[in-house]
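Worksheet: the structure to be examined is printed underneath.
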Amino acid sequence: MRTRGLCSKLKALFTWMRNAPLALAVFVLPAVALAAGGGKPATKLVNVADTRNLEPGFEKFVADTYNDNLILFGLLVVVIMAGMGAVLGFTFDRLVGLLGINLGKLDHHE
Amino acid sequence: MDIFTIHLPIAGMDFNLGLLLLIGFTVGVCGGFFGIGGAWIVTPALNIFGFPMPYAIGTDLAHMGGKSIVSTIRHGKFGNVDIRLGLAMIIGTTTGMEFGASLVMYLERLGLAEDYIRKAYVVFLALIGSYVLYDYLSHVRRAKKAGGEAPAYGTTIAQRLQRLRIPPMVNFPASGIQCSVWLPILVGLLTGVVASVLGVGGGFIRMPALIYLIGCPTLVAVGTDLFEVMITGAYGAFTYGVKGRVDLIAAMWMLLGAAIGAQLGTVAVKYVRGYSIRLLFAVTIFIACISVLLKQLALQLASSVMILAAGITISLVILGLLFRGVARERAARGGLEP
């Protein structure tokens, strides 16, 4: 009887030890992230991207499009986001299917 | 500048890459599960970490469109997307979003955008969270009284609205409802204005609206809302892009994290009942509300830690439900094998 009680206490302790780092991470991660990227909200509201220090490449192309033609930039945003979304969506959908989960239609029970 | 810091030429700042991926992943899990865009995390989080509010709104809307495609593909295969209903709502939503975007630009010119948007956030989050929680508690009480499955209430608001015979009447078979086409259009218009002003895809308003005003089952509301978020996100990305308020590089990195999270969050709905989603949704809304309120009270650090902690906690709960469900499914399948 006492051994069983001891076992359940040890089990509870191990559960606590397993979950404690997770709980700690939930609060520490945002704080670390804040330290890494935090700061007072910026105030930039001028529609000009600084391209002086940018190497030729995708970032420069995006910044130049932003500076030259905002309608084209708006279209570029939509096309890139939709394209990335579709490619990533089908790729990850295929990957989840490989995990052997039944991904058929669901019943709509409340 | 370390390897985890990237330069964002449009927002004019350096930003931590891990933070962008973390925000994206967290919001992806929550978005796929609740059928929301997740701007309640992204917009304040980006703003707190240095993005001016209009850039935070635009960048959020841009990645939201891409992320919702990921979730909509999966929800569509689950049979949770009512495309006909979604298309009817889009007419109202896009009109409403244009009104809302003009209003934001007007408030920005007056220098009132940040303050007004944050106050409106608090009010809406509190109202919606309270109603969803009240509905969940009523459901639990009725289920206890009945000793199992809760019986349906008398007449819901949605049923009353469905009875309004304003032609043309339309059938929405995927949702199992028939109503005037004007109902989804007007609900879309209302949620579109609010969504655009608050800088969100509208999910946290439209998901409950689909359940309580139109009468969809919870899972169909989640899937159809994501279909809507996908289109309004794309439209919002374009309007904010044209106004020069989107940082495309930041949006792309966030989308990468969000795509992984969205897939996991969407598959998790398979393992929970509709009312469990509503309860978690209400809790999430309240946490978001408190964090925005803290920011309004100038408690910046507490607000930022809370919003990310809440997002990560809710994501972990959802991932926990997913892994538990997968383990049970596998065990059940193993038990059936000879």
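By order in the structure tokens, chains are A, B, ...; within a chain, residues start at 1; ligands start at 1, following the order shown.
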Self-check item: Residue contacts of stretch 21-23 of chain B (10 Å, only C-alpha atoms) excluding same-chain residues fewer than 3 positions away, as a list in words
Solution: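 Within the cut-off, the hits are Leu29, Pro30 and Ala33 of chain A; Asn16, Leu17, Gly18, Thr26, Val27, Gly28, Gly38, Ile41, Val42, Ala45, Leu46, Ala250, Ala251, Met252, Trp253, Met254, Leu255, Leu256, Gly257, Ala258, Gly261, Leu308, Gly311 and Ile312 of chain B.
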Selection above as a file: C-alpha atoms, as an mmCIF file, in the first residue's frame:
data_model
loop_
_atom_site.group_PDB
_atom_site.id
_atom_site.type_symbol
_atom_site.label_atom_id
_atom_site.label_comp_id
_atom_site.auth_asym_id
_atom_site.auth_seq_id
_atom_site.Cartn_x
_atom_site.Cartn_y
_atom_site.Cartn_z
ATOM 1 C CA LEU A 29 10.257 32.608 -24.555
ATOM 2 C CA PRO A 30 8.234 35.782 -25.067
ATOM 3 C CA ALA A 33 11.976 37.292 -27.804
ATOM 4 C CA ASN B 16 14.624 39.072 -35.126
ATOM 5 C CA LEU B 17 13.939 36.209 -37.569
ATOM 6 C CA GLY B 18 13.118 33.701 -34.802
ATOM 7 C CA THR B 26 1.714 30.408 -33.065
ATOM 8 C CA VAL B 27 -0.837 32.301 -35.091
ATOM 9 C CA GLY B 28 -0.924 29.515 -37.657
ATOM 10 C CA GLY B 38 -5.029 35.616 -35.733
ATOM 11 C CA ILE B 41 -1.647 38.117 -31.811
ATOM 12 C CA VAL B 42 0.135 39.433 -34.885
ATOM 13 C CA ALA B 45 2.909 41.659 -31.309
ATOM 14 C CA LEU B 46 4.444 43.349 -34.362
ATOM 15 C CA ALA B 250 8.484 40.129 -42.871
ATOM 16 C CA ALA B 251 5.206 38.722 -44.240
ATOM 17 C CA MET B 252 7.067 35.983 -46.151
ATOM 18 C CA TRP B 253 9.010 34.798 -43.097
ATOM 19 C CA MET B 254 5.880 34.845 -40.949
ATOM 20 C CA LEU B 255 4.023 32.846 -43.593
ATOM 21 C CA LEU B 256 6.676 30.124 -43.499
ATOM 22 C CA GLY B 257 6.143 29.596 -39.742
ATOM 23 C CA ALA B 258 2.379 30.022 -40.100
ATOM 24 C CA GLY B 261 1.322 25.819 -37.613
ATOM 25 C CA LEU B 308 2.876 35.940 -26.775
ATOM 26 C CA GLY B 311 -0.599 32.546 -28.019
ATOM 27 C CA ILE B 312 2.054 29.958 -27.217
#
Quiz item: Quick one: residues within 8 Å of B:Gly265, only C-alpha atoms counted, chain neighbours fewer than 2 positions away excluded, as a VMD selection string?
Solution: chain B and resid 28 to 33 261 to 263 267 to 269 315 318 to 319 322
Store the residues picked out above in a file with C-alpha atoms, as a short mmCIF file (atom, residue, chain, number, x, y, z; two decimals), in the first residue's frame.
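Output contents, as saved in out.cif:
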data_model
loop_
_atom_site.label_atom_id
_atom_site.label_comp_id
_atom_site.auth_asym_id
_atom_site.auth_seq_id
_atom_site.Cartn_x
_atom_site.Cartn_y
_atom_site.Cartn_z
CA GLY B 28 -0.92 29.52 -37.66
CA VAL B 29 -1.88 26.90 -35.07
CA CYS B 30 -4.58 29.13 -33.53
CA GLY B 31 -5.83 30.26 -36.94
CA GLY B 32 -6.22 26.76 -38.36
CA PHE B 33 -8.02 25.59 -35.22
CA GLY B 261 1.32 25.82 -37.61
CA ALA B 262 -1.82 26.15 -39.74
CA GLN B 263 -1.57 22.57 -40.98
CA VAL B 267 -5.85 18.73 -38.33
CA ALA B 268 -6.45 19.22 -34.56
CA VAL B 269 -10.16 20.10 -35.15
CA SER B 315 -1.02 26.66 -29.39
CA ILE B 318 -4.14 22.67 -29.40
CA LEU B 319 -1.00 20.67 -30.24
CA LEU B 322 -3.77 16.91 -31.70
#
Self-check item: Polymer residues at most 7 Å from B:Ile83, only C-alpha atoms, same-chain spacing of 3 or more positions, as a list of chain:residue names
Solution: B:Gly86, B:Leu87, B:Thr224
Residues as selected, N, CA and C atoms, written as a CSV table (one decimal), in the first residue's frame, can you do that?
chain,number,residue,atom,x,y,z
B,86,GLY,N,-19.6,31.3,-48.3
B,86,GLY,CA,-18.4,32.2,-48.3
B,86,GLY,C,-18.5,33.2,-49.4
B,87,LEU,N,-18.9,32.8,-50.6
B,87,LEU,CA,-18.9,33.7,-51.7
B,87,LEU,C,-20.0,34.8,-51.5
B,224,THR,N,-15.4,27.8,-43.3
B,224,THR,CA,-15.9,28.8,-44.2
B,224,THR,C,-15.3,30.2,-43.8
Self-check item: stretch 47-51 of chain A surroundings by only C-alpha atoms, 6 Å radius, close-in-sequence under 6 positions cut, as a PyMOL selection string
Solution: (chain A and resi 63+67) or (chain B and resi 9-10+244)
Written file, previous selection with N, CA and C atoms, as a PDB file, in the first residue's frame:
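Writing done, so here's out-v9.pdb:
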ATOM      1  N   ALA A  63      12.192  46.221 -52.578  1.00  0.00           N
ATOM      2  CA  ALA A  63      12.294  47.613 -52.134  1.00  0.00           C
ATOM      3  C   ALA A  63      12.170  48.586 -53.313  1.00  0.00           C
ATOM      4  N   ASN A  67       9.346  51.440 -54.001  1.00  0.00           N
ATOM      5  CA  ASN A  67       9.646  52.862 -54.226  1.00  0.00           C
ATOM      6  C   ASN A  67       9.089  53.379 -55.554  1.00  0.00           C
TER       7      ASN A  67
ATOM      8  N   PRO B   9      13.635  46.433 -45.239  1.00  0.00           N
ATOM      9  CA  PRO B   9      13.822  47.760 -45.844  1.00  0.00           C
ATOM     10  C   PRO B   9      12.561  48.618 -45.880  1.00  0.00           C
ATOM     11  N   ILE B  10      11.392  47.979 -45.957  1.00  0.00           N
ATOM     12  CA  ILE B  10      10.169  48.774 -46.098  1.00  0.00           C
ATOM     13  C   ILE B  10       9.743  49.361 -44.751  1.00  0.00           C
ATOM     14  N   GLY B 244       1.173  51.329 -49.377  1.00  0.00           N
ATOM     15  CA  GLY B 244       2.565  51.266 -48.916  1.00  0.00           C
ATOM     16  C   GLY B 244       2.730  50.851 -47.471  1.00  0.00           C
TER      17      GLY B 244
END
Quiz prompt | atom CA of A:Leu99 to atom CA of B:Gly325, distance in Å rounded to a single decimal | solution =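 So the two atoms, atom CA of A:Leu99 and atom CA of B:Gly325, lie 13.2 Å apart.
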Quiz item: Could you name the residues that touch B:Gly100 at 12 Å or less, counting only C-alpha atoms, but leaving out those on the same chain fewer than 4 positions away, as a VMD selection string?
Solution: chain B and resid 93 to 96 104 to 107 113 117 189 to 202 236 239 to 240
Within 12 Å of A:Leu72, counting only C-alpha atoms, which residues show up once you throw out same-chain ones fewer than 5 positions away? Write them as a compact mmCIF listing (two decimals) with N, CA and C atoms, in the first residue's frame, please.
# COMPACT_ATOMS: atom_id res chain seq x y z
N PHE A 61 14.94 44.06 -55.11
CA PHE A 61 13.84 44.08 -56.09
C PHE A 61 12.53 44.52 -55.42
N VAL A 62 12.27 43.95 -54.23
CA VAL A 62 11.04 44.29 -53.50
C VAL A 62 11.06 45.77 -53.11
N ALA A 63 12.19 46.22 -52.58
CA ALA A 63 12.29 47.61 -52.13
C ALA A 63 12.17 48.59 -53.31
N ASP A 64 12.80 48.22 -54.46
CA ASP A 64 12.71 49.09 -55.65
C ASP A 64 11.27 49.17 -56.16
N THR A 65 10.60 48.01 -56.18
CA THR A 65 9.19 48.00 -56.64
C THR A 65 8.35 48.87 -55.72
N TYR A 66 8.62 48.77 -54.43
CA TYR A 66 7.89 49.58 -53.43
C TYR A 66 8.10 51.07 -53.69
N ASN A 67 9.35 51.44 -54.00
CA ASN A 67 9.65 52.86 -54.23
C ASN A 67 9.09 53.38 -55.55
N VAL A 77 2.64 41.70 -53.67
CA VAL A 77 2.33 41.16 -52.34
C VAL A 77 1.30 40.03 -52.46
N VAL A 78 0.22 40.30 -53.22
CA VAL A 78 -0.86 39.30 -53.34
C VAL A 78 -0.34 38.04 -54.04
N VAL A 79 0.39 38.23 -55.15
CA VAL A 79 0.86 37.08 -55.93
C VAL A 79 1.83 36.22 -55.10
N PHE B 238 -3.69 43.70 -50.73
CA PHE B 238 -3.56 44.56 -51.91
C PHE B 238 -3.80 46.03 -51.54
N THR B 239 -4.90 46.30 -50.80
CA THR B 239 -5.21 47.71 -50.49
C THR B 239 -4.12 48.32 -49.59
N GLY B 241 -1.05 47.20 -49.43
CA GLY B 241 0.16 47.22 -50.26
C GLY B 241 0.20 48.48 -51.11
N VAL B 242 -0.93 48.78 -51.75
CA VAL B 242 -1.02 49.97 -52.61
C VAL B 242 -0.80 51.24 -51.77
N LYS B 243 -1.23 51.20 -50.53
CA LYS B 243 -1.03 52.35 -49.64
C LYS B 243 0.37 52.34 -49.01
N GLY B 244 1.17 51.33 -49.38
CA GLY B 244 2.57 51.27 -48.92
C GLY B 244 2.73 50.85 -47.47
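Closest approach to B:Ile211 among B:Asp135, B:Glu108, B:Asp60, B:Asp14: B:Asp135, based on only C-alpha atoms.
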Exercise. Have a look at atom CA of B:Leu279 and atom CA of B:Ser138 and let me know their distance in Å, one decimal.
Key: 11.5 Å
Spatial neighbours of B:Arg163, 12 Å, only C-alpha atoms, chain gap at least 6 places, as a PDB file with N, CA and C atoms, in the first residue's frame:
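Ended up saving to part35.pdb:
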ATOM      1  N   THR B 155     -35.722  29.065 -29.653  1.00  0.00           N
ATOM      2  CA  THR B 155     -35.409  29.616 -30.979  1.00  0.00           C
ATOM      3  C   THR B 155     -34.161  30.484 -30.852  1.00  0.00           C
ATOM      4  N   THR B 156     -33.150  30.189 -31.676  1.00  0.00           N
ATOM      5  CA  THR B 156     -31.921  30.970 -31.616  1.00  0.00           C
ATOM      6  C   THR B 156     -32.060  32.217 -32.494  1.00  0.00           C
ATOM      7  N   ILE B 157     -31.139  33.144 -32.303  1.00  0.00           N
ATOM      8  CA  ILE B 157     -31.145  34.361 -33.140  1.00  0.00           C
ATOM      9  C   ILE B 157     -31.013  33.956 -34.603  1.00  0.00           C
ATOM     10  N   MET B 169     -34.184  33.724 -51.739  1.00  0.00           N
ATOM     11  CA  MET B 169     -33.818  32.770 -50.690  1.00  0.00           C
ATOM     12  C   MET B 169     -32.823  31.765 -51.292  1.00  0.00           C
ATOM     13  N   VAL B 170     -31.849  31.403 -50.508  1.00  0.00           N
ATOM     14  CA  VAL B 170     -30.797  30.524 -51.038  1.00  0.00           C
ATOM     15  C   VAL B 170     -30.577  29.346 -50.083  1.00  0.00           C
ATOM     16  N   ILE B 177     -28.434  24.962 -44.117  1.00  0.00           N
ATOM     17  CA  ILE B 177     -29.363  26.056 -43.815  1.00  0.00           C
ATOM     18  C   ILE B 177     -29.945  26.666 -45.108  1.00  0.00           C
ATOM     19  N   GLN B 178     -31.096  27.332 -44.931  1.00  0.00           N
ATOM     20  CA  GLN B 178     -31.687  28.089 -46.029  1.00  0.00           C
ATOM     21  C   GLN B 178     -32.015  29.472 -45.467  1.00  0.00           C
ATOM     22  N   CYS B 179     -31.618  30.528 -46.181  1.00  0.00           N
ATOM     23  CA  CYS B 179     -31.921  31.881 -45.709  1.00  0.00           C
ATOM     24  C   CYS B 179     -31.896  32.859 -46.882  1.00  0.00           C
ATOM     25  N   SER B 180     -32.264  34.122 -46.586  1.00  0.00           N
ATOM     26  CA  SER B 180     -32.192  35.159 -47.614  1.00  0.00           C
ATOM     27  C   SER B 180     -30.714  35.426 -47.909  1.00  0.00           C
ATOM     28  N   VAL B 181     -30.409  35.662 -49.179  1.00  0.00           N
ATOM     29  CA  VAL B 181     -29.004  35.929 -49.552  1.00  0.00           C
ATOM     30  C   VAL B 181     -28.496  37.210 -48.879  1.00  0.00           C
ATOM     31  N   LEU B 183     -28.826  38.029 -45.827  1.00  0.00           N
ATOM     32  CA  LEU B 183     -28.297  37.789 -44.474  1.00  0.00           C
ATOM     33  C   LEU B 183     -26.762  37.647 -44.486  1.00  0.00           C
ATOM     34  N   LEU B 213     -25.355  34.156 -35.912  1.00  0.00           N
ATOM     35  CA  LEU B 213     -26.266  34.950 -36.745  1.00  0.00           C
ATOM     36  C   LEU B 213     -26.747  34.176 -37.974  1.00  0.00           C
ATOM     37  N   ILE B 214     -25.883  33.321 -38.519  1.00  0.00           N
ATOM     38  CA  ILE B 214     -26.282  32.588 -39.729  1.00  0.00           C
ATOM     39  C   ILE B 214     -26.716  31.154 -39.395  1.00  0.00           C
ATOM     40  N   GLY B 215     -26.119  30.573 -38.352  1.00  0.00           N
ATOM     41  CA  GLY B 215     -26.571  29.248 -37.899  1.00  0.00           C
ATOM     42  C   GLY B 215     -25.764  28.073 -38.409  1.00  0.00           C
TER      43      GLY B 215
END
Quiz item: Hey, which of B:Leu112, B:Val122, B:Ile314, B:Ile48 ends up closest to chain A? Count only C-alpha atoms.
Solution: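 Among the listed residues, B:Ile48 lies closest to chain A.
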Exercise. Work out how far apart atom CA of B:Ile128 and atom CA of B:Ser303 are and give it in Å to one decimal.
Key: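 Interatomic distance, atom CA of B:Ile128 to atom CA of B:Ser303: 20.0 Å.
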